[in-house]
Amino acid sequence: MSAAVRIVTDLPVPPERAFALSLDIGAHLRSMAASGERAVAGRTSGTIGLGETVTWRARHLGVVWRMTSRITVLEAPCAFVDEQVRGPFARFRHEHRFEPTAEGTRMIDEVTFRAPLGVLGRVAEGLVLRRYLRTLIVERNRSLASELRVASDDRQDPASSPSVS
């Protein structure tokens with residue numbers, strides 16, 4: 001059985017813009033600056049595409065981790081999936097969906113994962129990992145929303161702002 005995290009973020013931009021920024025390695029690095037995340041192998045800059053991999057190196061929970069992810073699904077501008085091919089999880093899959101709304105885009109992140117170490121991993125999922133991953137993705141989405149908002153200032157109402165749930 002896998003653990004899951006679902007986050008919904010509303011953005012005041014068209015799905016094409018949210019989709020494109022979500023595939024940008026530089027945007028990801030800026031959103032994960034607090035963990036010192038770096039792209040160290042595979043696609044390390046620009047836009048990642050179908051079948052491509054990126055290896056991330058970052059400090060999370062006080063430990064330096066390396067995780068290689070591959071883009072396994074790419075359906076512009078509606079969805080893409082990245083899956084761990086090497087790293088700390090027994091399984092890690094992150095589905096990104098982009099749905100048009102009257103106000104712009106509803107970005108939906110669904111992460112399913114399984115920690116290693118059997119029963120100990122299941123305990124870690126419930127006590128730490130689910131909450132930690134949710135916080136990481138919420139912060140990532142806030143960073144993406146901020147970048148999209150800055151780029152769109154001349155095209156949107158300054159009172160509008162993204163919402164994350």
# chains A, B, ... in the order shown; residues from 1 in each chain; ligands from 1

$ residues_around --residues "region 73-77 of chain A" --least-positions-apart "5" --cutoff "8 Å" --atoms "only C-alpha atoms" --output "list of chain:residue names"
A:Pro15, A:Glu16, A:Phe19, A:Ala20, A:Gly49, A:Leu50, A:Asp82, A:Phe98

$ residues_around --residues "region 118-121 of chain A" --least-positions-apart "3" --cutoff "12 Å" --atoms "only C-alpha atoms" --output "number ranges by chain"
A: 1-3, 88-91, 113-115, 124-130

$ write_last_selection --atoms "N, CA and C atoms" --output "short mmCIF file (atom, residue, chain, number, x, y, z; two decimals), in the first residue's frame"
data_model
loop_
_atom_site.label_atom_id
_atom_site.label_comp_id
_atom_site.auth_asym_id
_atom_site.auth_seq_id
_atom_site.Cartn_x
_atom_site.Cartn_y
_atom_site.Cartn_z
N MET A 1 0.84 -1.18 0.00
CA MET A 1 0.00 0.00 0.00
C MET A 1 0.89 1.25 0.00
N SER A 2 0.43 2.27 -0.68
CA SER A 2 1.18 3.53 -0.78
C SER A 2 0.48 4.63 0.00
N ALA A 3 1.26 5.60 0.42
CA ALA A 3 0.72 6.80 1.03
C ALA A 3 0.45 7.81 -0.08
N PRO A 88 15.55 7.59 -2.57
CA PRO A 88 15.30 7.15 -1.20
C PRO A 88 13.98 6.42 -0.99
N PHE A 89 13.03 6.54 -1.91
CA PHE A 89 11.72 5.92 -1.72
C PHE A 89 11.68 4.54 -2.34
N ALA A 90 10.85 3.67 -1.79
CA ALA A 90 10.59 2.39 -2.44
C ALA A 90 9.78 2.64 -3.71
N ARG A 91 8.94 3.70 -3.67
CA ARG A 91 8.14 4.11 -4.83
C ARG A 91 7.79 5.58 -4.65
N PHE A 113 3.46 7.54 -2.76
CA PHE A 113 4.81 7.11 -2.41
C PHE A 113 4.77 5.99 -1.41
N ARG A 114 5.88 5.29 -1.33
CA ARG A 114 6.06 4.25 -0.33
C ARG A 114 7.47 4.39 0.20
N ALA A 115 7.60 4.47 1.48
CA ALA A 115 8.91 4.55 2.12
C ALA A 115 9.56 3.16 2.12
N ALA A 124 6.99 5.86 9.39
CA ALA A 124 7.56 7.15 8.95
C ALA A 124 6.61 7.88 8.01
N GLU A 125 5.94 7.14 7.13
CA GLU A 125 4.97 7.77 6.22
C GLU A 125 3.90 8.52 7.01
N GLY A 126 3.36 7.87 8.01
CA GLY A 126 2.28 8.46 8.79
C GLY A 126 2.73 9.57 9.73
N LEU A 127 3.89 9.40 10.32
CA LEU A 127 4.35 10.37 11.32
C LEU A 127 5.06 11.59 10.72
N VAL A 128 5.77 11.39 9.61
CA VAL A 128 6.63 12.46 9.11
C VAL A 128 6.47 12.75 7.62
N LEU A 129 6.60 11.73 6.80
CA LEU A 129 6.76 11.94 5.36
C LEU A 129 5.56 12.59 4.68
N ARG A 130 4.36 12.15 4.99
CA ARG A 130 3.18 12.72 4.34
C ARG A 130 3.10 14.23 4.60
#

$ select_by_dssp --residues "region 47-145 of chain A" --states "helix (DSSP H, G or I)" --output "MDAnalysis selection string"
chainID A and resid 118:145

$ select_by_dssp --residues "region 2-148 of chain A" --states "strand (DSSP E or B)" --output "PyMOL selection string"
chain A and resi 3-11+24+38-42+47+53-60+63-75+79-86+91-101+104-114

$ residues_around --residues "region 27-33 of chain A" --least-positions-apart "5" --cutoff "8 Å" --atoms "only C-alpha atoms" --output "PDB file with C-alpha atoms, in the first residue's frame"
ATOM      1  CA  LEU A  21       6.726  26.753 -15.691  1.00  0.00           C
ATOM      2  CA  SER A  22       6.141  23.477 -13.839  1.00  0.00           C
ATOM      3  CA  ARG A  38      20.509  21.185  -7.108  1.00  0.00           C
ATOM      4  CA  ALA A  39      20.103  19.382 -10.420  1.00  0.00           C
ATOM      5  CA  LEU A 136       7.301  20.917   0.251  1.00  0.00           C
ATOM      6  CA  GLU A 139       5.865  25.836  -0.831  1.00  0.00           C
ATOM      7  CA  ARG A 140       6.851  24.851  -4.376  1.00  0.00           C
ATOM      8  CA  ASN A 141       3.410  25.875  -5.631  1.00  0.00           C
ATOM      9  CA  SER A 143       6.903  29.885  -5.484  1.00  0.00           C
ATOM     10  CA  LEU A 144       5.507  28.981  -8.922  1.00  0.00           C
TER      11      LEU A 144
END

$ atom_distance --atom1 "CA of Trp56 (chain A)" --atom2 "CA of Arg106 (chain A)"
26.5 Å

$ decode --residues "region 21-154 of chain A" --atoms "C-alpha atoms" --output "CSV table (one decimal), in the first residue's frame"
chain,number,residue,atom,x,y,z
A,21,LEU,CA,6.7,26.8,-15.7
A,22,SER,CA,6.1,23.5,-13.8
A,23,LEU,CA,8.5,21.7,-16.3
A,24,ASP,CA,11.2,24.3,-15.9
A,25,ILE,CA,14.3,23.0,-14.0
A,26,GLY,CA,15.2,26.6,-12.9
A,27,ALA,CA,11.8,27.3,-11.5
A,28,HIS,CA,12.0,24.0,-9.5
A,29,LEU,CA,15.4,25.0,-8.1
A,30,ARG,CA,14.1,28.4,-7.1
A,31,SER,CA,11.2,26.9,-5.4
A,32,MET,CA,13.4,24.4,-3.4
A,33,ALA,CA,16.1,26.9,-2.5
A,34,ALA,CA,15.6,26.4,1.2
A,35,SER,CA,16.7,22.7,0.9
A,36,GLY,CA,19.7,23.7,-1.2
A,37,GLU,CA,18.4,21.5,-4.0
A,38,ARG,CA,20.5,21.2,-7.1
A,39,ALA,CA,20.1,19.4,-10.4
A,40,VAL,CA,23.3,17.3,-10.7
A,41,ALA,CA,22.7,14.9,-13.6
A,42,GLY,CA,20.5,14.3,-16.6
A,43,ARG,CA,18.6,17.4,-17.6
A,44,THR,CA,20.0,20.1,-15.3
A,45,SER,CA,18.5,23.3,-16.9
A,46,GLY,CA,15.7,24.3,-19.2
A,47,THR,CA,12.5,22.4,-19.8
A,48,ILE,CA,12.5,18.7,-19.1
A,49,GLY,CA,10.7,16.5,-21.6
A,50,LEU,CA,9.1,13.1,-22.0
A,51,GLY,CA,11.5,10.3,-21.2
A,52,GLU,CA,14.1,12.6,-19.8
A,53,THR,CA,15.6,12.3,-16.3
A,54,VAL,CA,17.0,14.7,-13.7
A,55,THR,CA,18.9,13.8,-10.6
A,56,TRP,CA,18.3,16.1,-7.7
A,57,ARG,CA,20.6,16.5,-4.7
A,58,ALA,CA,19.1,18.2,-1.6
A,59,ARG,CA,19.0,18.2,2.2
A,60,HIS,CA,15.7,17.1,3.6
A,61,LEU,CA,15.0,16.1,7.2
A,62,GLY,CA,18.7,16.8,8.0
A,63,VAL,CA,20.0,14.2,5.4
A,64,VAL,CA,21.5,14.8,2.0
A,65,TRP,CA,19.5,12.8,-0.6
A,66,ARG,CA,19.9,12.1,-4.3
A,67,MET,CA,16.8,11.2,-6.3
A,68,THR,CA,16.5,10.6,-10.0
A,69,SER,CA,13.1,11.2,-11.6
A,70,ARG,CA,11.9,10.5,-15.2
A,71,ILE,CA,9.1,12.2,-17.0
A,72,THR,CA,6.9,9.2,-17.8
A,73,VAL,CA,3.7,11.0,-19.1
A,74,LEU,CA,3.6,14.3,-20.9
A,75,GLU,CA,0.2,15.6,-22.2
A,76,ALA,CA,0.7,19.3,-22.8
A,77,PRO,CA,-0.9,21.4,-21.4
A,78,CYS,CA,-3.0,19.1,-19.3
A,79,ALA,CA,-0.7,16.8,-17.3
A,80,PHE,CA,2.6,15.2,-16.7
A,81,VAL,CA,4.0,12.6,-14.4
A,82,ASP,CA,7.4,12.3,-12.8
A,83,GLU,CA,8.5,9.0,-11.2
A,84,GLN,CA,11.5,8.1,-9.1
A,85,VAL,CA,13.8,5.7,-10.9
A,86,ARG,CA,16.5,5.8,-8.3
A,87,GLY,CA,16.4,7.3,-4.8
A,88,PRO,CA,15.3,7.2,-1.2
A,89,PHE,CA,11.7,5.9,-1.7
A,90,ALA,CA,10.6,2.4,-2.4
A,91,ARG,CA,8.1,4.1,-4.8
A,92,PHE,CA,7.5,7.8,-5.7
A,93,ARG,CA,5.1,9.1,-8.4
A,94,HIS,CA,4.0,12.7,-8.8
A,95,GLU,CA,1.1,13.5,-11.1
A,96,HIS,CA,0.7,17.1,-12.1
A,97,ARG,CA,-2.7,18.1,-13.7
A,98,PHE,CA,-3.7,21.5,-15.1
A,99,GLU,CA,-7.4,22.2,-15.5
A,100,PRO,CA,-8.8,25.4,-17.0
A,101,THR,CA,-11.1,27.4,-14.8
A,102,ALA,CA,-13.0,30.7,-15.3
A,103,GLU,CA,-10.2,32.4,-13.3
A,104,GLY,CA,-7.2,30.6,-14.9
A,105,THR,CA,-5.9,27.2,-13.9
A,106,ARG,CA,-6.5,24.6,-11.2
A,107,MET,CA,-3.2,22.9,-10.6
A,108,ILE,CA,-3.6,19.5,-9.0
A,109,ASP,CA,-0.7,17.6,-7.5
A,110,GLU,CA,-1.2,14.0,-6.6
A,111,VAL,CA,1.8,12.2,-5.0
A,112,THR,CA,1.8,8.5,-4.2
A,113,PHE,CA,4.8,7.1,-2.4
A,114,ARG,CA,6.1,4.3,-0.3
A,115,ALA,CA,8.9,4.6,2.1
A,116,PRO,CA,11.6,1.8,2.3
A,117,LEU,CA,12.1,-0.4,5.4
A,118,GLY,CA,8.7,-2.1,5.6
A,119,VAL,CA,6.8,-1.5,8.8
A,120,LEU,CA,9.3,1.2,9.9
A,121,GLY,CA,8.7,2.9,6.6
A,122,ARG,CA,4.9,2.8,7.1
A,123,VAL,CA,5.3,4.4,10.5
A,124,ALA,CA,7.6,7.1,9.0
A,125,GLU,CA,5.0,7.8,6.2
A,126,GLY,CA,2.3,8.5,8.8
A,127,LEU,CA,4.4,10.4,11.3
A,128,VAL,CA,6.6,12.5,9.1
A,129,LEU,CA,6.8,11.9,5.4
A,130,ARG,CA,3.2,12.7,4.3
A,131,ARG,CA,3.2,16.1,6.2
A,132,TYR,CA,6.7,16.9,5.0
A,133,LEU,CA,5.9,16.2,1.3
A,134,ARG,CA,2.7,18.2,1.6
A,135,THR,CA,4.6,21.2,3.0
A,136,LEU,CA,7.3,20.9,0.3
A,137,ILE,CA,4.7,20.9,-2.5
A,138,VAL,CA,2.7,23.7,-1.0
A,139,GLU,CA,5.9,25.8,-0.8
A,140,ARG,CA,6.9,24.9,-4.4
A,141,ASN,CA,3.4,25.9,-5.6
A,142,ARG,CA,3.6,29.2,-3.8
A,143,SER,CA,6.9,29.9,-5.5
A,144,LEU,CA,5.5,29.0,-8.9
A,145,ALA,CA,2.4,31.2,-8.3
A,146,SER,CA,4.7,34.1,-7.3
A,147,GLU,CA,6.7,33.7,-10.5
A,148,LEU,CA,3.5,33.5,-12.6
A,149,ARG,CA,2.0,36.5,-10.8
A,150,VAL,CA,5.2,38.7,-11.3
A,151,ALA,CA,5.2,37.7,-15.0
A,152,SER,CA,1.5,38.5,-15.4
A,153,ASP,CA,1.3,41.7,-13.3
A,154,ASP,CA,0.3,43.8,-16.3
